[in-house]
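Source file: protein_11.csv (CSV, C-alpha atoms)
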```csv
chain,number,residue,atom,x,y,z
A,1,MET,CA,2.6,-21.2,-9.7
A,2,ALA,CA,3.5,-18.6,-7.1
A,3,VAL,CA,6.8,-16.8,-7.6
A,4,ILE,CA,7.0,-16.1,-3.8
A,5,GLU,CA,5.7,-18.4,-1.1
A,6,VAL,CA,5.9,-17.6,2.6
A,7,LYS,CA,4.7,-20.3,5.0
A,8,ASN,CA,4.5,-19.9,8.8
A,9,LEU,CA,7.2,-17.2,8.9
A,10,SER,CA,8.2,-16.1,12.4
A,11,LYS,CA,11.0,-13.8,13.5
A,12,ARG,CA,11.9,-12.6,17.0
A,13,TYR,CA,14.2,-9.8,18.2
A,14,GLY,CA,15.1,-10.6,21.9
A,15,GLU,CA,11.8,-10.8,23.8
A,16,THR,CA,9.8,-9.2,20.9
A,17,LEU,CA,8.0,-11.4,18.4
A,18,ALA,CA,8.1,-9.2,15.4
A,19,VAL,CA,6.5,-11.6,12.9
A,20,ARG,CA,4.2,-14.5,14.0
A,21,ASP,CA,3.2,-17.4,11.7
A,22,VAL,CA,2.9,-15.2,8.5
A,23,SER,CA,1.8,-17.0,5.3
A,24,PHE,CA,1.0,-15.7,1.8
A,25,ALA,CA,1.8,-16.3,-1.8
A,26,VAL,CA,2.6,-13.8,-4.6
A,27,GLU,CA,1.4,-14.6,-8.1
A,28,PRO,CA,3.5,-13.9,-11.3
A,29,GLY,CA,3.0,-10.4,-12.6
A,30,GLU,CA,1.0,-8.9,-9.8
A,31,ILE,CA,1.6,-6.0,-7.5
A,32,PHE,CA,1.2,-7.5,-4.0
A,33,GLY,CA,0.8,-4.9,-1.3
A,34,ILE,CA,1.7,-5.2,2.4
A,35,LEU,CA,-0.1,-2.7,4.7
A,36,GLY,CA,0.1,-2.3,8.4
A,37,PRO,CA,0.7,0.2,11.3
A,38,ASN,CA,4.2,1.1,12.3
A,39,GLY,CA,5.9,-1.8,14.1
A,40,ALA,CA,3.5,-4.3,12.6
A,41,GLY,CA,6.2,-6.5,11.1
A,42,LYS,CA,6.0,-5.4,7.5
A,43,THR,CA,9.7,-4.6,6.9
A,44,THR,CA,10.9,-7.6,8.8
A,45,THR,CA,8.7,-9.8,6.6
A,46,VAL,CA,10.0,-8.4,3.3
A,47,GLU,CA,13.6,-8.4,4.5
A,48,CYS,CA,13.2,-12.1,5.2
A,49,VAL,CA,11.8,-12.5,1.7
A,50,ALA,CA,14.7,-10.6,0.2
A,51,GLY,CA,17.2,-12.7,2.1
A,52,LEU,CA,18.4,-9.8,4.3
A,53,ARG,CA,17.2,-11.4,7.5
A,54,THR,CA,17.1,-15.1,8.6
A,55,PRO,CA,13.7,-16.3,9.9
A,56,ASP,CA,13.5,-18.1,13.2
A,57,SER,CA,11.0,-20.5,11.7
A,58,GLY,CA,8.9,-21.0,8.6
A,59,ARG,CA,9.7,-21.5,4.9
A,60,ILE,CA,10.3,-19.0,2.1
A,61,THR,CA,10.8,-19.7,-1.6
A,62,VAL,CA,11.5,-17.1,-4.2
A,63,LEU,CA,11.3,-18.3,-7.8
A,64,GLY,CA,11.7,-21.8,-6.4
A,65,HIS,CA,14.9,-20.9,-4.5
A,66,ALA,CA,15.8,-20.0,-0.9
A,67,PRO,CA,16.0,-16.2,-0.5
A,68,ARG,CA,19.8,-16.1,-0.2
A,69,ASP,CA,20.5,-18.3,-3.2
A,70,ARG,CA,23.0,-16.7,-5.5
A,71,ALA,CA,20.8,-17.5,-8.5
A,72,LEU,CA,18.4,-14.8,-7.3
A,73,ARG,CA,20.8,-11.9,-7.3
A,74,ALA,CA,20.1,-10.8,-10.9
A,75,GLN,CA,16.4,-11.6,-10.6
A,76,VAL,CA,15.3,-9.7,-7.5
A,77,GLY,CA,15.6,-6.0,-7.0
A,78,VAL,CA,15.2,-4.4,-3.6
A,79,GLN,CA,14.5,-0.9,-2.4
A,80,LEU,CA,14.8,-0.5,1.3
A,81,GLN,CA,13.2,2.2,3.6
A,82,GLU,CA,16.7,3.6,4.2
A,83,SER,CA,19.9,3.1,2.2
A,84,GLU,CA,23.2,4.8,2.1
A,85,LEU,CA,25.8,5.1,-0.7
A,86,GLN,CA,29.3,6.7,-0.7
A,87,GLU,CA,28.6,10.4,-0.4
A,88,LYS,CA,31.1,11.5,-3.1
A,89,LEU,CA,29.7,9.3,-5.8
A,90,THR,CA,27.6,11.2,-8.4
A,91,VAL,CA,24.2,9.9,-9.4
A,92,ARG,CA,25.6,9.1,-12.9
A,93,GLU,CA,28.4,7.1,-11.3
A,94,VAL,CA,26.1,5.1,-9.1
A,95,LEU,CA,23.7,4.3,-12.0
A,96,GLU,CA,26.6,3.2,-14.3
A,97,LEU,CA,28.2,1.1,-11.5
A,98,TYR,CA,25.0,-0.7,-10.6
A,99,SER,CA,24.1,-1.2,-14.3
A,100,ALA,CA,27.4,-3.0,-14.7
A,101,PHE,CA,26.4,-5.6,-12.1
A,102,TYR,CA,23.7,-7.2,-14.3
A,103,PRO,CA,23.9,-9.2,-17.6
A,104,ASP,CA,20.8,-7.4,-19.1
A,105,PRO,CA,20.3,-4.1,-17.3
A,106,ALA,CA,17.7,-1.5,-18.0
A,107,ASP,CA,18.6,1.7,-19.7
A,108,TRP,CA,19.8,3.8,-16.7
A,109,ARG,CA,19.4,7.0,-18.6
A,110,LYS,CA,15.7,6.3,-19.2
A,111,LEU,CA,15.2,5.3,-15.6
A,112,ALA,CA,16.9,8.6,-14.5
A,113,GLY,CA,14.5,10.5,-16.8
A,114,ASP,CA,11.4,8.6,-15.6
A,115,LEU,CA,12.3,9.3,-12.0
A,116,GLY,CA,13.2,13.0,-12.5
A,117,LEU,CA,17.0,12.5,-11.9
A,118,THR,CA,18.4,13.6,-15.2
A,119,GLU,CA,19.3,17.1,-13.9
A,120,LYS,CA,21.0,15.5,-10.9
A,121,LEU,CA,23.4,13.2,-12.7
A,122,ARG,CA,26.4,15.2,-11.8
A,123,THR,CA,25.2,15.7,-8.2
A,124,THR,CA,26.9,13.7,-5.5
A,125,PHE,CA,24.8,11.4,-3.3
A,126,GLY,CA,25.6,13.4,-0.2
A,127,LYS,CA,24.0,16.5,-1.7
A,128,LEU,CA,20.8,14.9,-2.7
A,129,SER,CA,17.6,15.7,-0.9
A,130,GLY,CA,15.7,12.9,0.9
A,131,GLY,CA,13.2,12.6,-1.9
A,132,GLN,CA,16.0,12.5,-4.5
A,133,LYS,CA,17.8,9.7,-2.6
A,134,GLN,CA,14.5,7.8,-2.5
A,135,ARG,CA,14.1,8.1,-6.3
A,136,LEU,CA,17.7,6.9,-6.8
A,137,SER,CA,17.0,3.9,-4.6
A,138,ILE,CA,14.0,3.0,-6.7
A,139,ALA,CA,16.1,3.3,-9.8
A,140,LEU,CA,18.7,0.9,-8.3
A,141,ALA,CA,16.0,-1.6,-7.5
A,142,LEU,CA,14.8,-1.7,-11.1
A,143,ILE,CA,18.1,-1.2,-13.0
A,144,GLY,CA,18.8,-4.9,-13.3
A,145,ASN,CA,15.5,-5.6,-15.1
A,146,PRO,CA,14.5,-7.9,-12.2
A,147,ARG,CA,11.7,-10.5,-12.4
A,148,ILE,CA,10.7,-9.5,-8.9
A,149,ALA,CA,11.1,-6.1,-7.2
A,150,ILE,CA,10.6,-5.6,-3.5
A,151,LEU,CA,9.8,-1.9,-2.7
A,152,ASP,CA,9.6,-0.8,0.9
A,153,GLU,CA,7.8,2.5,1.4
A,154,LEU,CA,8.1,3.3,-2.3
A,155,THR,CA,7.2,7.0,-2.4
A,156,THR,CA,7.9,8.2,1.2
A,157,GLY,CA,9.4,11.6,0.9
A,158,LEU,CA,8.2,12.3,-2.6
A,159,ASP,CA,6.1,15.3,-3.5
A,160,PRO,CA,2.6,14.5,-4.9
A,161,GLN,CA,3.6,14.9,-8.6
A,162,ALA,CA,6.7,12.7,-8.2
A,163,ARG,CA,4.6,10.2,-6.3
A,164,ARG,CA,2.2,9.9,-9.2
A,165,ASP,CA,5.0,9.7,-11.8
A,166,THR,CA,6.5,6.9,-9.8
A,167,TRP,CA,3.2,5.1,-9.7
A,168,ASP,CA,3.1,5.3,-13.5
A,169,LEU,CA,6.6,3.9,-13.7
A,170,ILE,CA,5.8,1.0,-11.4
A,171,SER,CA,2.6,0.2,-13.4
A,172,GLY,CA,4.7,0.1,-16.5
A,173,PHE,CA,7.1,-2.5,-15.0
A,174,ARG,CA,4.1,-4.6,-13.9
A,175,ASP,CA,2.7,-4.4,-17.5
A,176,ARG,CA,6.1,-5.8,-18.7
A,177,GLY,CA,5.6,-8.8,-16.4
A,178,VAL,CA,7.6,-7.8,-13.4
A,179,THR,CA,6.2,-9.0,-10.1
A,180,LEU,CA,6.3,-6.3,-7.4
A,181,VAL,CA,5.9,-6.5,-3.6
A,182,LEU,CA,5.0,-3.1,-2.3
A,183,VAL,CA,5.1,-2.1,1.4
A,184,THR,CA,3.2,1.2,1.9
A,185,HIS,CA,1.2,3.2,4.3
A,186,PHE,CA,-0.4,5.4,1.6
A,187,MET,CA,-3.9,4.1,1.1
A,188,GLU,CA,-4.3,5.8,-2.3
A,189,GLU,CA,-1.1,4.2,-3.4
A,190,ALA,CA,-2.2,0.7,-2.3
A,191,GLU,CA,-5.7,1.1,-3.9
A,192,ARG,CA,-4.3,2.4,-7.2
A,193,LEU,CA,-1.4,0.0,-7.6
A,194,CYS,CA,-2.0,-3.3,-5.8
A,195,ASP,CA,-3.8,-6.3,-7.2
A,196,ARG,CA,-4.0,-7.9,-3.7
A,197,ILE,CA,-3.1,-6.7,-0.2
A,198,ALA,CA,-2.0,-8.4,3.0
A,199,VAL,CA,-2.8,-6.4,6.1
A,200,ILE,CA,-0.3,-7.2,8.8
A,201,ASP,CA,-1.0,-6.1,12.4
A,202,ARG,CA,1.1,-7.1,15.5
A,203,GLY,CA,3.1,-9.5,13.4
A,204,GLU,CA,0.2,-11.4,12.0
A,205,VAL,CA,-1.7,-11.3,8.7
A,206,VAL,CA,-5.2,-10.2,9.7
A,207,ALA,CA,-6.7,-10.0,6.1
A,208,LEU,CA,-5.6,-10.8,2.6
A,209,ASP,CA,-7.8,-9.7,-0.4
A,210,THR,CA,-8.1,-7.3,-3.3
A,211,PRO,CA,-8.4,-3.6,-2.4
A,212,ALA,CA,-12.1,-3.8,-3.4
A,213,GLY,CA,-12.6,-7.0,-1.4
A,214,LEU,CA,-11.1,-5.4,1.7
A,215,VAL,CA,-13.4,-2.3,1.2
A,216,GLU,CA,-16.4,-4.6,0.6
A,217,GLN,CA,-15.9,-6.2,4.0
A,218,THR,CA,-16.4,-2.7,5.5
A,219,SER,CA,-18.9,-1.1,3.1
A,220,SER,CA,-21.9,-3.1,4.2
A,221,GLN,CA,-21.1,-2.1,7.8
A,222,ASP,CA,-20.1,1.5,7.6
A,223,GLN,CA,-22.0,4.0,5.4
A,224,LYS,CA,-23.0,7.6,6.1
A,225,ILE,CA,-25.5,9.9,4.4
A,226,ARG,CA,-25.4,13.6,4.9
A,227,PHE,CA,-28.2,16.0,3.8
A,228,ARG,CA,-30.3,19.0,4.6
A,229,PRO,CA,-34.0,18.2,4.8
A,230,SER,CA,-36.4,20.5,3.0
A,231,ALA,CA,-38.7,20.3,6.1
A,232,PRO,CA,-38.2,19.2,9.7
A,233,ILE,CA,-38.2,15.4,10.4
A,234,SER,CA,-37.8,13.6,13.7
A,235,ASP,CA,-35.1,11.2,14.6
A,236,GLU,CA,-37.8,8.6,15.4
A,237,LEU,CA,-38.9,8.5,11.7
A,238,LEU,CA,-35.4,8.4,10.4
A,239,SER,CA,-34.3,5.7,12.7
A,240,ALA,CA,-37.2,3.4,11.9
A,241,PRO,CA,-35.5,1.4,9.1
A,242,PRO,CA,-33.4,-1.5,10.4
A,243,GLU,CA,-30.5,-0.3,8.2
A,244,VAL,CA,-30.1,2.9,10.3
A,245,THR,CA,-27.7,2.6,13.3
A,246,ARG,CA,-27.1,6.2,14.3
A,247,ILE,CA,-28.3,9.8,13.6
A,248,SER,CA,-26.5,13.0,14.4
A,249,ARG,CA,-27.3,16.6,13.7
A,250,GLN,CA,-25.2,19.7,13.1
A,251,GLY,CA,-27.2,22.8,12.6
A,252,ASP,CA,-29.8,22.1,9.8
A,253,ARG,CA,-27.8,19.1,8.5
A,254,ILE,CA,-28.4,15.5,9.3
A,255,GLU,CA,-25.9,12.6,9.2
A,256,VAL,CA,-27.4,9.1,9.1
A,257,SER,CA,-25.0,6.1,9.6
A,258,GLY,CA,-26.0,2.6,8.9
A,259,THR,CA,-25.6,-0.7,6.9
A,260,GLY,CA,-27.0,-2.5,3.9
A,261,ASN,CA,-29.0,-0.4,1.4
A,262,LEU,CA,-29.0,2.6,3.6
A,263,LEU,CA,-29.5,5.2,0.8
A,264,HIS,CA,-32.8,3.5,-0.3
A,265,ALA,CA,-34.0,3.1,3.3
A,266,VAL,CA,-33.5,6.8,4.1
A,267,THR,CA,-34.8,8.3,0.9
A,268,SER,CA,-37.9,6.1,1.2
A,269,VAL,CA,-38.7,7.5,4.6
A,270,LEU,CA,-38.1,11.0,3.3
A,271,ALA,CA,-40.4,10.4,0.2
A,272,VAL,CA,-43.2,9.0,2.3
A,273,ASN,CA,-43.1,12.2,4.5
A,274,GLY,CA,-42.9,14.5,1.5
A,275,ILE,CA,-39.4,15.7,2.3
A,276,VAL,CA,-36.6,16.3,-0.1
A,277,ALA,CA,-32.9,15.6,0.8
A,278,VAL,CA,-31.0,18.8,-0.3
A,279,GLU,CA,-27.3,18.6,-0.9
A,280,LEU,CA,-27.4,14.8,-0.3
A,281,ARG,CA,-24.0,13.1,0.0
A,282,LEU,CA,-23.3,9.4,0.4
A,283,GLU,CA,-20.0,8.5,2.0
A,284,GLN,CA,-19.1,4.8,1.4
A,285,ALA,CA,-16.3,2.9,3.0
A,286,THR,CA,-12.7,3.4,1.8
A,287,LEU,CA,-9.6,1.3,2.1
A,288,ASP,CA,-8.6,3.6,5.0
A,289,ASP,CA,-11.9,2.6,6.7
A,290,ALA,CA,-11.1,-1.1,6.1
A,291,PHE,CA,-7.6,-0.5,7.6
A,292,VAL,CA,-9.0,1.0,10.7
A,293,ARG,CA,-11.6,-1.7,11.1
A,294,LEU,CA,-9.0,-4.5,10.7
A,295,THR,CA,-6.2,-3.0,12.9
A,296,GLY,CA,-8.1,-0.7,15.3
A,297,ARG,CA,-5.8,2.1,14.3
A,298,ALA,CA,-5.9,4.9,11.8
A,299,SER,CA,-3.3,4.9,8.9
A,300,GLU,CA,-0.5,7.4,9.0
A,301,GLU,CA,-2.1,9.5,6.2
A,302,SER,CA,-5.6,9.5,7.9
A,303,PRO,CA,-6.5,12.9,9.4
A,304,SER,CA,-8.0,11.0,12.4
```
In structure tokens, write the structure found in this file.
Amino acid sequence: MAVIEVKNLSKRYGETLAVRDVSFAVEPGEIFGILGPNGAGKTTTVECVAGLRTPDSGRITVLGHAPRDRALRAQVGVQLQESELQEKLTVREVLELYSAFYPDPADWRKLAGDLGLTEKLRTTFGKLSGGQKQRLSIALALIGNPRIAILDELTTGLDPQARRDTWDLISGFRDRGVTLVLVTHFMEEAERLCDRIAVIDRGEVVALDTPAGLVEQTSSQDQKIRFRPSAPISDELLSAPPEVTRISRQGDRIEVSGTGNLLHAVTSVLAVNGIVAVELRLEQATLDDAFVRLTGRASEESPS
């Protein structure tokens, strides 16, 4: 039985329809990712699930309850994109305070250590860096030992090592049976952590699959082979196989784009003509490629 069910969710702000007829279900113990361009409706969707916004239409249940049911307060943890605390509270005071809100809290000292906050326990919130505030926000979402944690832009503002440490922490919570809903624009983060991903674009779910499933939708359509031929070969010969869709050259290097079993098709042509592919490199589709194909836009971390 799904722990979160969203059916035909819609939300409008004035004339702007931010979320349009969104439906998905989150299974117990999985990390469910939500990907999408800026302004796609991701945050509005998870804020409705968390009970922070009221949908205009549709139905949401969380652990069998309406999102604003008091019974969920100790069972759902939330980390928002932006959150503010009283600036003069120290990290220790914040963790101790929030820990006292729950009947069976996590060990806040261990959370602080796992998130690299131990040395900042005496530092006031107002003097924390953006990344340190983000780590404290993650700790507060997890401090109640929730059954479900909703994490919006989990590692934005963290350096690469802190990001990977946080991934390990989140994986550990999943291994203990916590269900996590993760909004992210980091493709590596989604591919590494998420069991399934909903891609939202312009307020609608345009795809829902495993990371590998999303990539597979693209991999048969978008492959590239780069190599340097040991002897000259014409574009006519290389483009003969039906798998080849495009050929480009840069100096003595050739790039062949295509579909299906492109590698076999190209190497067969080269072998028949007695040519060796030197420094051959096969580039297959990535989650970022799938994102671009589904939304028509590059992700924020894509160099394109």
- [ ] Select, from A:Ala25, A:Ala100, A:Ile150, A:Val3, the residue with the minimum atom-to-atom distance to Leu52 of chain A, counting only C-alpha atoms.
- [x] A:Ile150
TODO: Taking (-23.7, 10.9, 5.0) in the file's own coordinates, collect the residues within 7 Å, counting all atoms listed in the file, and hand them back as a list in words.
DONE: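 Final list of nearby residues, as requested, is Lys224, Ile225, Arg226, Phe227, Glu255, Val256, Ser257, Arg281, Leu282 and Glu283 of chain A.
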Output of the above residues as a PDB file, keeping the file's coordinate frame, restricted to C-alpha atoms:
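After the write, selection_1.pdb holds the following:
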```pdb
ATOM      1  CA  LYS A 224     -23.000   7.600   6.100  1.00  0.00           C
ATOM      2  CA  ILE A 225     -25.500   9.900   4.400  1.00  0.00           C
ATOM      3  CA  ARG A 226     -25.400  13.600   4.900  1.00  0.00           C
ATOM      4  CA  PHE A 227     -28.200  16.000   3.800  1.00  0.00           C
ATOM      5  CA  GLU A 255     -25.900  12.600   9.200  1.00  0.00           C
ATOM      6  CA  VAL A 256     -27.400   9.100   9.100  1.00  0.00           C
ATOM      7  CA  SER A 257     -25.000   6.100   9.600  1.00  0.00           C
ATOM      8  CA  ARG A 281     -24.000  13.100   0.000  1.00  0.00           C
ATOM      9  CA  LEU A 282     -23.300   9.400   0.400  1.00  0.00           C
ATOM     10  CA  GLU A 283     -20.000   8.500   2.000  1.00  0.00           C
TER      11      GLU A 283
END
```
Task: All residues 9 Å or closer to Ala149 of chain A, all atoms listed in the file, same chain fewer than 4 positions away omitted, as a list of chain:residue names - done: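 What passes the distance filter is A:Gln75, A:Val76, A:Gly77, A:Val78, A:Gln79, A:Ala141, A:Leu142, A:Val178, A:Thr179, A:Leu180, A:Val181, A:Leu182.
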- [ ] Return the single residue from A:Gly274, A:Gly213, A:Pro232, A:Gly33 that is closest to Leu287 of chain A, with distances computed using only C-alpha atoms.
- [x] A:Gly213
TODO: Please provide the set of residues having any atom within 7 Å of Leu208 of chain A, restricted to all atoms listed in the file, with same-chain residues fewer than 3 positions apart removed, written as a ChimeraX atom specification.
DONE: /A:197-199
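The two atoms in question, atom CA of Glu93 of chain A and atom CA of Leu151 of chain A, are spaced 22.4 Å apart.
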Task: Interatomic distance, atom CA of Asp104 of chain A to atom CA of Val6 of chain A (Å, one decimal) - done: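 A separation of 28.2 Å between them.
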Contacts of segment 100-213 of chain A with segment 82-90 of chain A up to 8 Å, shortest pair per row, only C-alpha atoms, as JSON lines:
```
{"residue": "A:Leu121", "atom": "CA", "partner": "A:Thr90", "partner_atom": "CA", "distance": 6.3}
{"residue": "A:Arg122", "atom": "CA", "partner": "A:Thr90", "partner_atom": "CA", "distance": 5.4}
{"residue": "A:Thr123", "atom": "CA", "partner": "A:Thr90", "partner_atom": "CA", "distance": 5.1}
{"residue": "A:Thr124", "atom": "CA", "partner": "A:Thr90", "partner_atom": "CA", "distance": 3.9}
{"residue": "A:Phe125", "atom": "CA", "partner": "A:Glu87", "partner_atom": "CA", "distance": 4.9}
{"residue": "A:Gly126", "atom": "CA", "partner": "A:Glu87", "partner_atom": "CA", "distance": 4.2}
{"residue": "A:Lys127", "atom": "CA", "partner": "A:Glu87", "partner_atom": "CA", "distance": 7.7}
{"residue": "A:Ser137", "atom": "CA", "partner": "A:Ser83", "partner_atom": "CA", "distance": 7.4}
```
Please, could you write that set of residues out with C-alpha atoms as a compact mmCIF listing (two decimals), in the coordinates of the input?
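Okay, out38.txt is ready:
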```
# COMPACT_ATOMS: atom_id res chain seq x y z
CA LEU A 121 23.40 13.20 -12.70
CA ARG A 122 26.40 15.20 -11.80
CA THR A 123 25.20 15.70 -8.20
CA THR A 124 26.90 13.70 -5.50
CA PHE A 125 24.80 11.40 -3.30
CA GLY A 126 25.60 13.40 -0.20
CA LYS A 127 24.00 16.50 -1.70
CA SER A 137 17.00 3.90 -4.60
```
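Between Ile34 of chain A and the residues A:Ala231, A:Val206, A:Val266, A:Ile170, the shortest atom-to-atom distance, using all atoms listed in the file, involves A:Val206.
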TODO: Could you jot down the atom CA of Ser239 of chain A to atom CA of Val215 of chain A separation for me, Å, one decimal place?
DONE: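 Result for atom CA of Ser239 of chain A versus atom CA of Val215 of chain A: 25.2 Å, one decimal.
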Task: Selected residue, from A:Arg164, A:Arg202, A:Pro28, A:Asp69, that lies nearest to Gly296 of chain A when counting only C-alpha atoms - done: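 Nearest candidate to Gly296 of chain A out of A:Arg164, A:Arg202, A:Pro28, A:Asp69: A:Arg202.
Across A:Thr295, A:Ser129, A:Asn145, A:Ser268, the tightest approach to Asp107 of chain A is made by A:Asn145 when counting all atoms listed in the file.
Minimum distance to His185 of chain A across A:Leu97, A:Ala212, A:Ala74, A:Ala40 (counting all atoms listed in the file) occurs at A:Ala40.
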TODO: Could you give me, as a list in words, the residues within 10 Å of Pro242 of chain A, counting all atoms listed in the file and dropping anything in the same chain fewer than 4 positions from it?
DONE: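 Within the cut-off, the hits are Gly258, Thr259, Gly260, Leu262 and Ala265 of chain A.
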Could you model N, CA and C atoms for segment 155-166 of chain A and present them as a tab-separated table (two decimals), keeping the file's coordinate frame?
```
chain	number	residue	atom	x	y	z
A	155	THR	N	7.19	5.55	-2.03
A	155	THR	CA	7.20	7.00	-2.40
A	155	THR	C	7.23	7.88	-1.14
A	156	THR	N	7.67	7.36	-0.01
A	156	THR	CA	7.90	8.20	1.20
A	156	THR	C	8.87	9.30	0.86
A	157	GLY	N	8.52	10.53	1.17
A	157	GLY	CA	9.40	11.60	0.90
A	157	GLY	C	9.29	12.30	-0.42
A	158	LEU	N	8.44	11.73	-1.29
A	158	LEU	CA	8.20	12.30	-2.60
A	158	LEU	C	7.08	13.31	-2.59
A	159	ASP	N	7.17	14.35	-3.41
A	159	ASP	CA	6.10	15.30	-3.50
A	159	ASP	C	4.94	14.63	-4.32
A	160	PRO	N	3.72	15.17	-4.27
A	160	PRO	CA	2.60	14.50	-4.90
A	160	PRO	C	2.78	14.21	-6.39
A	161	GLN	N	3.40	15.12	-7.15
A	161	GLN	CA	3.60	14.90	-8.60
A	161	GLN	C	4.61	13.76	-8.80
A	162	ALA	N	5.72	13.80	-8.04
A	162	ALA	CA	6.70	12.70	-8.20
A	162	ALA	C	6.15	11.40	-7.76
A	163	ARG	N	5.26	11.41	-6.77
A	163	ARG	CA	4.60	10.20	-6.30
A	163	ARG	C	3.81	9.57	-7.47
A	164	ARG	N	3.03	10.40	-8.14
A	164	ARG	CA	2.20	9.90	-9.20
A	164	ARG	C	3.04	9.46	-10.44
A	165	ASP	N	4.10	10.17	-10.71
A	165	ASP	CA	5.00	9.70	-11.80
A	165	ASP	C	5.62	8.38	-11.47
A	166	THR	N	5.97	8.18	-10.20
A	166	THR	CA	6.50	6.90	-9.80
A	166	THR	C	5.49	5.79	-9.91
```
